[in-house]
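What follows is the content of my_file_20.cif, which has mmCIF, C-alpha atoms:
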```cif
data_final
loop_
_atom_site.group_PDB
_atom_site.id
_atom_site.type_symbol
_atom_site.label_atom_id
_atom_site.label_comp_id
_atom_site.auth_asym_id
_atom_site.auth_seq_id
_atom_site.Cartn_x
_atom_site.Cartn_y
_atom_site.Cartn_z
ATOM 1 C CA MET Q 28 199.495 -90.573 36.165
ATOM 2 C CA LEU Q 29 201.722 -92.953 34.218
ATOM 3 C CA TYR Q 30 205.171 -91.700 33.328
ATOM 4 C CA ARG Q 31 207.716 -92.962 30.826
ATOM 5 C CA ASN Q 32 210.397 -92.107 33.390
ATOM 6 C CA PRO Q 33 209.129 -92.458 36.974
ATOM 7 C CA ILE Q 34 212.350 -91.072 38.439
ATOM 8 C CA TRP Q 35 215.328 -88.968 37.307
ATOM 9 C CA ILE Q 36 218.795 -89.012 38.867
ATOM 10 C CA TYR Q 37 221.784 -86.653 38.676
ATOM 11 C CA PRO Q 38 224.718 -88.348 40.459
ATOM 12 C CA ASN Q 39 226.970 -85.990 42.451
ATOM 13 C CA TYR Q 40 224.861 -82.977 41.467
ATOM 14 C CA LEU Q 41 226.091 -81.005 44.496
ATOM 15 C CA ASN Q 42 229.788 -81.038 45.284
ATOM 16 C CA GLU Q 43 231.366 -81.777 48.674
ATOM 17 C CA GLU Q 44 231.562 -78.115 49.655
ATOM 18 C CA GLU Q 45 227.914 -77.460 48.812
ATOM 19 C CA CYS Q 46 226.825 -80.500 50.829
ATOM 20 C CA ASN Q 47 228.901 -79.285 53.775
ATOM 21 C CA ILE Q 48 227.265 -75.855 53.563
ATOM 22 C CA ILE Q 49 223.813 -77.467 53.810
ATOM 23 C CA GLU Q 50 224.989 -79.491 56.798
ATOM 24 C CA GLY Q 51 226.290 -76.325 58.455
ATOM 25 C CA CYS Q 52 223.016 -74.479 57.892
ATOM 26 C CA ALA Q 53 221.058 -77.410 59.335
ATOM 27 C CA SER Q 54 223.284 -77.587 62.414
ATOM 28 C CA ARG Q 55 221.735 -74.336 63.718
ATOM 29 C CA ILE Q 56 218.191 -75.785 63.743
ATOM 30 C CA ASP Q 57 216.651 -78.064 66.373
ATOM 31 C CA TRP Q 58 215.560 -81.610 65.600
ATOM 32 C CA ILE Q 59 211.885 -82.608 65.674
ATOM 33 C CA ASP Q 60 210.218 -86.005 65.227
ATOM 34 C CA GLY Q 61 208.913 -87.081 61.851
ATOM 35 C CA MET Q 62 205.119 -87.218 62.161
ATOM 36 C CA ILE Q 63 202.187 -88.680 60.255
ATOM 37 C CA GLY Q 64 198.540 -87.667 60.143
ATOM 38 C CA GLN Q 65 198.418 -84.138 61.582
ATOM 39 C CA LYS Q 66 194.600 -84.135 61.742
ATOM 40 C CA ASN Q 67 194.173 -85.207 58.104
ATOM 41 C CA ALA Q 68 196.533 -82.518 56.884
ATOM 42 C CA ASP Q 69 199.580 -83.370 54.865
ATOM 43 C CA PRO Q 70 202.010 -85.272 57.128
ATOM 44 C CA ASP Q 71 205.081 -83.455 55.816
ATOM 45 C CA ALA Q 72 203.756 -79.904 55.800
ATOM 46 C CA PRO Q 73 205.681 -77.661 58.201
ATOM 47 C CA LYS Q 74 203.476 -76.718 61.145
ATOM 48 C CA ASP Q 75 203.978 -74.314 64.013
ATOM 49 C CA ASP Q 76 202.245 -76.852 66.241
ATOM 50 C CA GLN Q 77 203.968 -80.174 65.676
ATOM 51 C CA GLU Q 78 201.787 -81.786 68.359
ATOM 52 C CA THR Q 79 198.886 -81.974 65.898
ATOM 53 C CA GLY Q 80 200.580 -84.982 64.293
ATOM 54 C CA ASN Q 81 200.872 -88.564 65.411
ATOM 55 C CA LYS Q 82 204.082 -90.454 65.969
ATOM 56 C CA ASN Q 83 203.793 -93.991 64.646
ATOM 57 C CA ALA Q 84 207.145 -95.769 64.436
ATOM 58 C CA LYS Q 85 205.596 -98.619 62.449
ATOM 59 C CA ILE Q 86 205.007 -96.190 59.570
ATOM 60 C CA ARG Q 87 207.597 -93.462 59.985
ATOM 61 C CA GLN Q 88 210.594 -93.164 62.254
ATOM 62 C CA SER Q 89 213.087 -90.366 61.575
ATOM 63 C CA ASP Q 90 214.249 -86.957 62.768
ATOM 64 C CA LEU Q 91 213.959 -83.788 60.741
ATOM 65 C CA LYS Q 92 214.608 -80.057 60.619
ATOM 66 C CA TRP Q 93 212.677 -77.475 58.601
ATOM 67 C CA MET Q 94 214.970 -75.174 56.635
ATOM 68 C CA ASN Q 95 213.342 -71.941 55.470
ATOM 69 C CA HIS Q 96 214.653 -70.545 52.208
ATOM 70 C CA GLU Q 97 216.618 -67.740 53.826
ATOM 71 C CA VAL Q 98 218.637 -70.263 55.850
ATOM 72 C CA MET Q 99 220.622 -71.515 52.823
ATOM 73 C CA PRO Q 100 222.739 -69.473 50.399
ATOM 74 C CA PHE Q 101 220.897 -68.350 47.277
ATOM 75 C CA GLU Q 102 223.436 -70.058 45.008
ATOM 76 C CA ILE Q 103 222.601 -73.491 46.406
ATOM 77 C CA THR Q 104 218.825 -73.058 46.331
ATOM 78 C CA GLN Q 105 219.100 -71.740 42.774
ATOM 79 C CA LYS Q 106 221.189 -74.756 41.744
ATOM 80 C CA ILE Q 107 218.547 -77.087 43.223
ATOM 81 C CA GLU Q 108 215.816 -75.289 41.257
ATOM 82 C CA ILE Q 109 217.829 -75.578 38.034
ATOM 83 C CA GLY Q 110 218.259 -79.312 38.648
ATOM 84 C CA ILE Q 111 214.541 -79.760 39.256
ATOM 85 C CA GLN Q 112 213.586 -77.948 36.081
ATOM 86 C CA SER Q 113 216.160 -79.882 34.042
ATOM 87 C CA ALA Q 114 214.838 -83.206 35.375
ATOM 88 C CA ASN Q 115 211.267 -82.079 34.724
ATOM 89 C CA GLN Q 116 212.093 -81.477 31.065
ATOM 90 C CA GLU Q 117 214.520 -84.339 30.426
ATOM 91 C CA ALA Q 118 212.210 -86.927 32.012
ATOM 92 C CA GLY Q 119 209.324 -85.666 29.880
ATOM 93 C CA TRP Q 120 207.029 -84.779 32.785
ATOM 94 C CA ASN Q 121 206.750 -81.069 31.916
ATOM 95 C CA LEU Q 122 204.796 -80.375 35.096
ATOM 96 C CA ILE Q 123 204.089 -76.754 35.971
ATOM 97 C CA TRP Q 124 205.359 -75.553 39.343
ATOM 98 C CA ASP Q 125 205.868 -72.107 40.812
ATOM 99 C CA TYR Q 126 206.395 -72.515 44.568
ATOM 100 C CA ILE Q 127 208.912 -74.376 46.746
ATOM 101 C CA GLU Q 128 208.184 -75.475 50.300
ATOM 102 C CA PRO Q 129 210.789 -74.982 53.018
ATOM 103 C CA HIS Q 130 213.346 -77.750 52.627
ATOM 104 C CA GLN Q 131 213.320 -80.704 55.012
ATOM 105 C CA TYR Q 132 216.648 -81.941 56.358
ATOM 106 C CA THR Q 133 216.117 -85.544 57.423
ATOM 107 C CA ARG Q 134 218.151 -88.231 59.140
ATOM 108 C CA TYR Q 135 217.479 -91.952 59.385
ATOM 109 C CA ILE Q 136 219.643 -93.746 61.933
ATOM 110 C CA HIS Q 137 220.097 -97.235 63.314
ATOM 111 C CA ARG Q 138 218.538 -97.453 66.801
ATOM 112 C CA PRO Q 139 219.498 -100.887 68.193
ATOM 113 C CA ASN Q 140 217.761 -100.267 71.527
ATOM 114 C CA GLN Q 141 214.414 -99.203 70.054
ATOM 115 C CA TYR Q 142 211.366 -101.361 69.329
ATOM 116 C CA THR Q 143 211.906 -100.514 65.657
ATOM 117 C CA PRO Q 144 215.718 -100.634 65.409
ATOM 118 C CA GLY Q 145 216.074 -98.914 62.019
ATOM 119 C CA ASP Q 146 214.612 -95.557 60.999
ATOM 120 C CA HIS Q 147 212.366 -95.823 57.951
ATOM 121 C CA TYR Q 148 209.342 -94.404 56.136
ATOM 122 C CA THR Q 149 206.957 -96.977 54.640
ATOM 123 C CA TRP Q 150 205.124 -96.633 51.310
ATOM 124 C CA HIS Q 151 203.550 -93.230 50.734
ATOM 125 C CA VAL Q 152 203.082 -90.444 48.209
ATOM 126 C CA ASP Q 153 204.060 -86.827 48.793
ATOM 127 C CA GLN Q 154 201.152 -85.264 46.931
ATOM 128 C CA HIS Q 155 198.354 -84.219 49.269
ATOM 129 C CA VAL Q 156 194.683 -84.684 48.409
ATOM 130 C CA MET Q 157 193.572 -81.182 49.320
ATOM 131 C CA PRO Q 158 195.213 -78.075 47.851
ATOM 132 C CA THR Q 159 197.037 -75.468 49.888
ATOM 133 C CA PRO Q 160 195.126 -72.263 50.734
ATOM 134 C CA GLU Q 161 196.648 -70.869 47.536
ATOM 135 C CA GLY Q 162 195.090 -73.700 45.491
ATOM 136 C CA LYS Q 163 198.370 -75.487 44.793
ATOM 137 C CA TYR Q 164 199.480 -79.119 44.918
ATOM 138 C CA ARG Q 165 202.816 -80.836 45.255
ATOM 139 C CA LYS Q 166 203.898 -81.641 41.697
ATOM 140 C CA LEU Q 167 207.552 -82.668 42.013
ATOM 141 C CA SER Q 168 209.607 -84.087 44.873
ATOM 142 C CA SER Q 169 213.353 -84.338 45.291
ATOM 143 C CA THR Q 170 215.918 -85.693 47.689
ATOM 144 C CA ILE Q 171 219.617 -84.874 47.836
ATOM 145 C CA GLN Q 172 221.941 -87.433 49.395
ATOM 146 C CA LEU Q 173 224.090 -85.852 52.104
ATOM 147 C CA SER Q 174 225.695 -89.021 53.522
ATOM 148 C CA ASP Q 175 228.481 -91.019 51.917
ATOM 149 C CA PRO Q 176 227.382 -94.524 50.864
ATOM 150 C CA ASP Q 177 229.797 -96.041 53.369
ATOM 151 C CA ASP Q 178 228.194 -94.111 56.250
ATOM 152 C CA TYR Q 179 225.194 -96.455 56.480
ATOM 153 C CA GLU Q 180 223.576 -99.701 55.376
ATOM 154 C CA GLY Q 181 219.947 -100.214 54.513
ATOM 155 C CA GLY Q 182 217.986 -96.986 54.095
ATOM 156 C CA HIS Q 183 217.262 -97.778 50.445
ATOM 157 C CA PHE Q 184 215.095 -95.392 48.442
ATOM 158 C CA GLU Q 185 212.517 -97.573 46.669
ATOM 159 C CA TYR Q 186 209.628 -96.680 44.389
ATOM 160 C CA ILE Q 187 206.795 -98.366 42.489
ATOM 161 C CA GLU Q 188 206.887 -98.257 38.701
ATOM 162 C CA PHE Q 189 203.151 -98.315 37.973
ATOM 163 C CA ASN Q 190 203.306 -99.042 34.238
ATOM 164 C CA SER Q 191 201.664 -102.466 33.626
ATOM 165 C CA VAL Q 192 200.951 -103.134 37.327
ATOM 166 C CA PHE Q 193 197.248 -103.781 36.681
ATOM 167 C CA ASP Q 194 197.493 -105.262 33.181
ATOM 168 C CA LYS Q 195 197.233 -108.925 34.286
ATOM 169 C CA LEU Q 196 194.278 -108.587 36.643
ATOM 170 C CA GLY Q 197 191.257 -110.716 35.816
ATOM 171 C CA THR Q 198 187.734 -110.915 37.171
ATOM 172 C CA TYR Q 199 188.657 -113.073 40.144
ATOM 173 C CA ASN Q 200 192.434 -112.833 40.566
ATOM 174 C CA THR Q 201 192.368 -109.367 42.071
ATOM 175 C CA GLN Q 202 195.552 -109.675 44.118
ATOM 176 C CA ILE Q 203 198.570 -107.731 42.914
ATOM 177 C CA ASP Q 204 202.164 -108.758 43.485
ATOM 178 C CA VAL Q 205 204.019 -105.454 43.476
ATOM 179 C CA GLY Q 206 207.381 -107.207 43.754
ATOM 180 C CA PRO Q 207 208.227 -107.019 40.033
ATOM 181 C CA TYR Q 208 207.373 -103.302 39.996
ATOM 182 C CA LYS Q 209 209.287 -102.313 43.109
ATOM 183 C CA LYS Q 210 212.473 -100.537 42.103
ATOM 184 C CA SER Q 211 215.461 -99.350 44.098
ATOM 185 C CA ILE Q 212 217.793 -96.561 43.077
ATOM 186 C CA PRO Q 213 221.181 -97.817 41.817
ATOM 187 C CA PHE Q 214 224.191 -97.722 44.106
ATOM 188 C CA SER Q 215 225.636 -94.806 42.105
ATOM 189 C CA ALA Q 216 222.626 -92.720 43.158
ATOM 190 C CA LYS Q 217 223.639 -93.098 46.804
ATOM 191 C CA SER Q 218 226.774 -91.017 46.275
ATOM 192 C CA LYS Q 219 227.007 -87.796 48.240
ATOM 193 C CA GLY Q 220 225.388 -84.837 46.509
ATOM 194 C CA THR Q 221 223.191 -86.923 44.200
ATOM 195 C CA LEU Q 222 219.863 -85.319 43.240
ATOM 196 C CA ILE Q 223 216.861 -87.647 42.848
ATOM 197 C CA VAL Q 224 213.677 -86.169 41.341
ATOM 198 C CA PHE Q 225 210.249 -87.758 40.867
ATOM 199 C CA PRO Q 226 206.574 -86.742 40.458
ATOM 200 C CA SER Q 227 204.968 -86.274 43.867
ATOM 201 C CA ASP Q 228 202.252 -88.877 43.191
ATOM 202 C CA THR Q 229 204.878 -91.645 42.974
ATOM 203 C CA TYR Q 230 204.676 -94.278 45.715
ATOM 204 C CA HIS Q 231 208.055 -94.550 47.432
ATOM 205 C CA GLN Q 232 209.641 -95.562 50.725
ATOM 206 C CA VAL Q 233 212.893 -95.549 52.699
ATOM 207 C CA THR Q 234 213.713 -99.012 54.036
ATOM 208 C CA PRO Q 235 215.048 -99.428 57.607
ATOM 209 C CA VAL Q 236 218.616 -98.297 58.252
ATOM 210 C CA THR Q 237 220.576 -101.254 59.596
ATOM 211 C CA ARG Q 238 223.837 -99.446 60.338
ATOM 212 C CA GLY Q 239 224.988 -95.845 60.669
ATOM 213 C CA GLU Q 240 223.121 -92.703 59.596
ATOM 214 C CA ARG Q 241 221.504 -91.605 56.333
ATOM 215 C CA ARG Q 242 221.010 -87.835 55.853
ATOM 216 C CA SER Q 243 219.221 -86.062 53.029
ATOM 217 C CA LEU Q 244 217.602 -82.803 51.988
ATOM 218 C CA VAL Q 245 214.011 -83.280 50.806
ATOM 219 C CA SER Q 246 212.127 -80.650 48.785
ATOM 220 C CA TRP Q 247 208.673 -80.260 47.251
ATOM 221 C CA PHE Q 248 207.637 -78.104 44.317
ATOM 222 C CA HIS Q 249 204.025 -76.901 44.050
ATOM 223 C CA GLY Q 250 201.818 -75.895 41.155
ATOM 224 C CA PRO Q 251 198.231 -75.929 39.869
ATOM 225 C CA LYS Q 252 196.352 -79.217 39.694
ATOM 226 C CA ALA Q 253 196.746 -81.626 36.746
ATOM 227 C CA VAL Q 254 199.028 -79.483 34.574
#
```
As structure tokens, how would this structure be written, given the file I've shared?
Amino acid sequence: MLYRNPIWIYPNYLNEEECNIIEGCASRIDWIDGMIGQKNADPDAPKDDQETGNKNAKIRQSDLKWMNHEVMPFEITQKIEIGIQSANQEAGWNLIWDYIEPHQYTRYIHRPNQYTPGDHYTWHVDQHVMPTPEGKYRKLSSTIQLSDPDDYEGGHFEYIEFNSVFDKLGTYNTQIDVGPYKKSIPFSAKSKGTLIVFPSDTYHQVTPVTRGERRSLVSWFHGPKAV
């Protein structure tokens, strides 16, 4: 779909204390590798058997922890939901959702001794092709910045603004330069506690971290198809 506002940002939506609470809750959970594939299932869906996925550092390199809803205080999860619904209305998406996946606590770090020295996740969408067993699809995605901007370099959140991307294609010039449509969140959106919301069919990526560590809380909000 084409959206008037492909992304919505609330700088410093969570305060320092709330961010620290999330960090404390995550500290009690073990790290696992970020995977792709998982036998054609959604690459980000929490699985009991993580070995069904494939680790491909050229596409995705990061560590993560799955945080079930009971792990975090109700007040914080409720505040996240309120932010999502506000963004959904203010951005004009008005997408229907009624289920939230377990949150994903993610870190991207600089790994100077690795083949791929900076953690990253190349271009992808969060919305899966097949519905869940309940017939639902990812409708909205969000990420909350948990690192201070000075804690890392690189690790930029970028997205494609699809409006007008295909307007200049002719019969023979079928190559698209996505450069003019590639957007990066402003520096203010990197502040700790910032909430970034976008429709789950938006192409986005995290560029390689070149110094330090970038941490975030990623969430997905499900609903019926195409409404």
Taking all atoms listed in the file into account, which of Q:Asn39, Q:Ser211, Q:Thr229, Q:Asn190 comes nearest Gly110 (chain Q)?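 Residue with the minimum atom-to-atom distance to Gly110 (chain Q): Q:Asn39.
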Could you spell out the hits of the PyMOL selection byres ((chain Q and resi 176) around 8) on the shown file, as a compact mmCIF listing (two decimals) with C-alpha atoms, in the coordinates of the input?
```txt
# COMPACT_ATOMS: atom_id res chain seq x y z
CA SER Q 174 225.70 -89.02 53.52
CA ASP Q 175 228.48 -91.02 51.92
CA ASP Q 177 229.80 -96.04 53.37
CA ASP Q 178 228.19 -94.11 56.25
CA TYR Q 179 225.19 -96.46 56.48
CA GLU Q 180 223.58 -99.70 55.38
CA LYS Q 217 223.64 -93.10 46.80
CA SER Q 218 226.77 -91.02 46.28
CA LYS Q 219 227.01 -87.80 48.24
```
Considering only C-alpha atoms, state which residue in the set Q:Glu185, Q:Arg31, Q:Asp153, Q:Glu117 is at the smallest distance from Ala216 (chain Q).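 Of the candidates, the smallest distance to Ala216 (chain Q) is held by Q:Glu185.
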Find the residues near Val98 (chain Q): any atom within 10 Å, counting only C-alpha atoms, skip ones fewer than 5 places away on the same chain, and give them as JSON, numbers by chain. {"Q": [49, 52, 53, 55, 56, 93, 104, 129, 130]}
Selected residues written out, C-alpha atoms, as a short mmCIF file (atom, residue, chain, number, x, y, z; two decimals), keeping the file's coordinate frame:
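This is the output file again_4.cif:
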```cif
data_model
loop_
_atom_site.label_atom_id
_atom_site.label_comp_id
_atom_site.auth_asym_id
_atom_site.auth_seq_id
_atom_site.Cartn_x
_atom_site.Cartn_y
_atom_site.Cartn_z
CA ILE Q 49 223.81 -77.47 53.81
CA CYS Q 52 223.02 -74.48 57.89
CA ALA Q 53 221.06 -77.41 59.34
CA ARG Q 55 221.74 -74.34 63.72
CA ILE Q 56 218.19 -75.78 63.74
CA TRP Q 93 212.68 -77.47 58.60
CA THR Q 104 218.82 -73.06 46.33
CA PRO Q 129 210.79 -74.98 53.02
CA HIS Q 130 213.35 -77.75 52.63
#
```
Quick one: pull the distance between CA of Thr201 (chain Q) and CA of Phe184 (chain Q), Å, one decimal. 27.4 Å
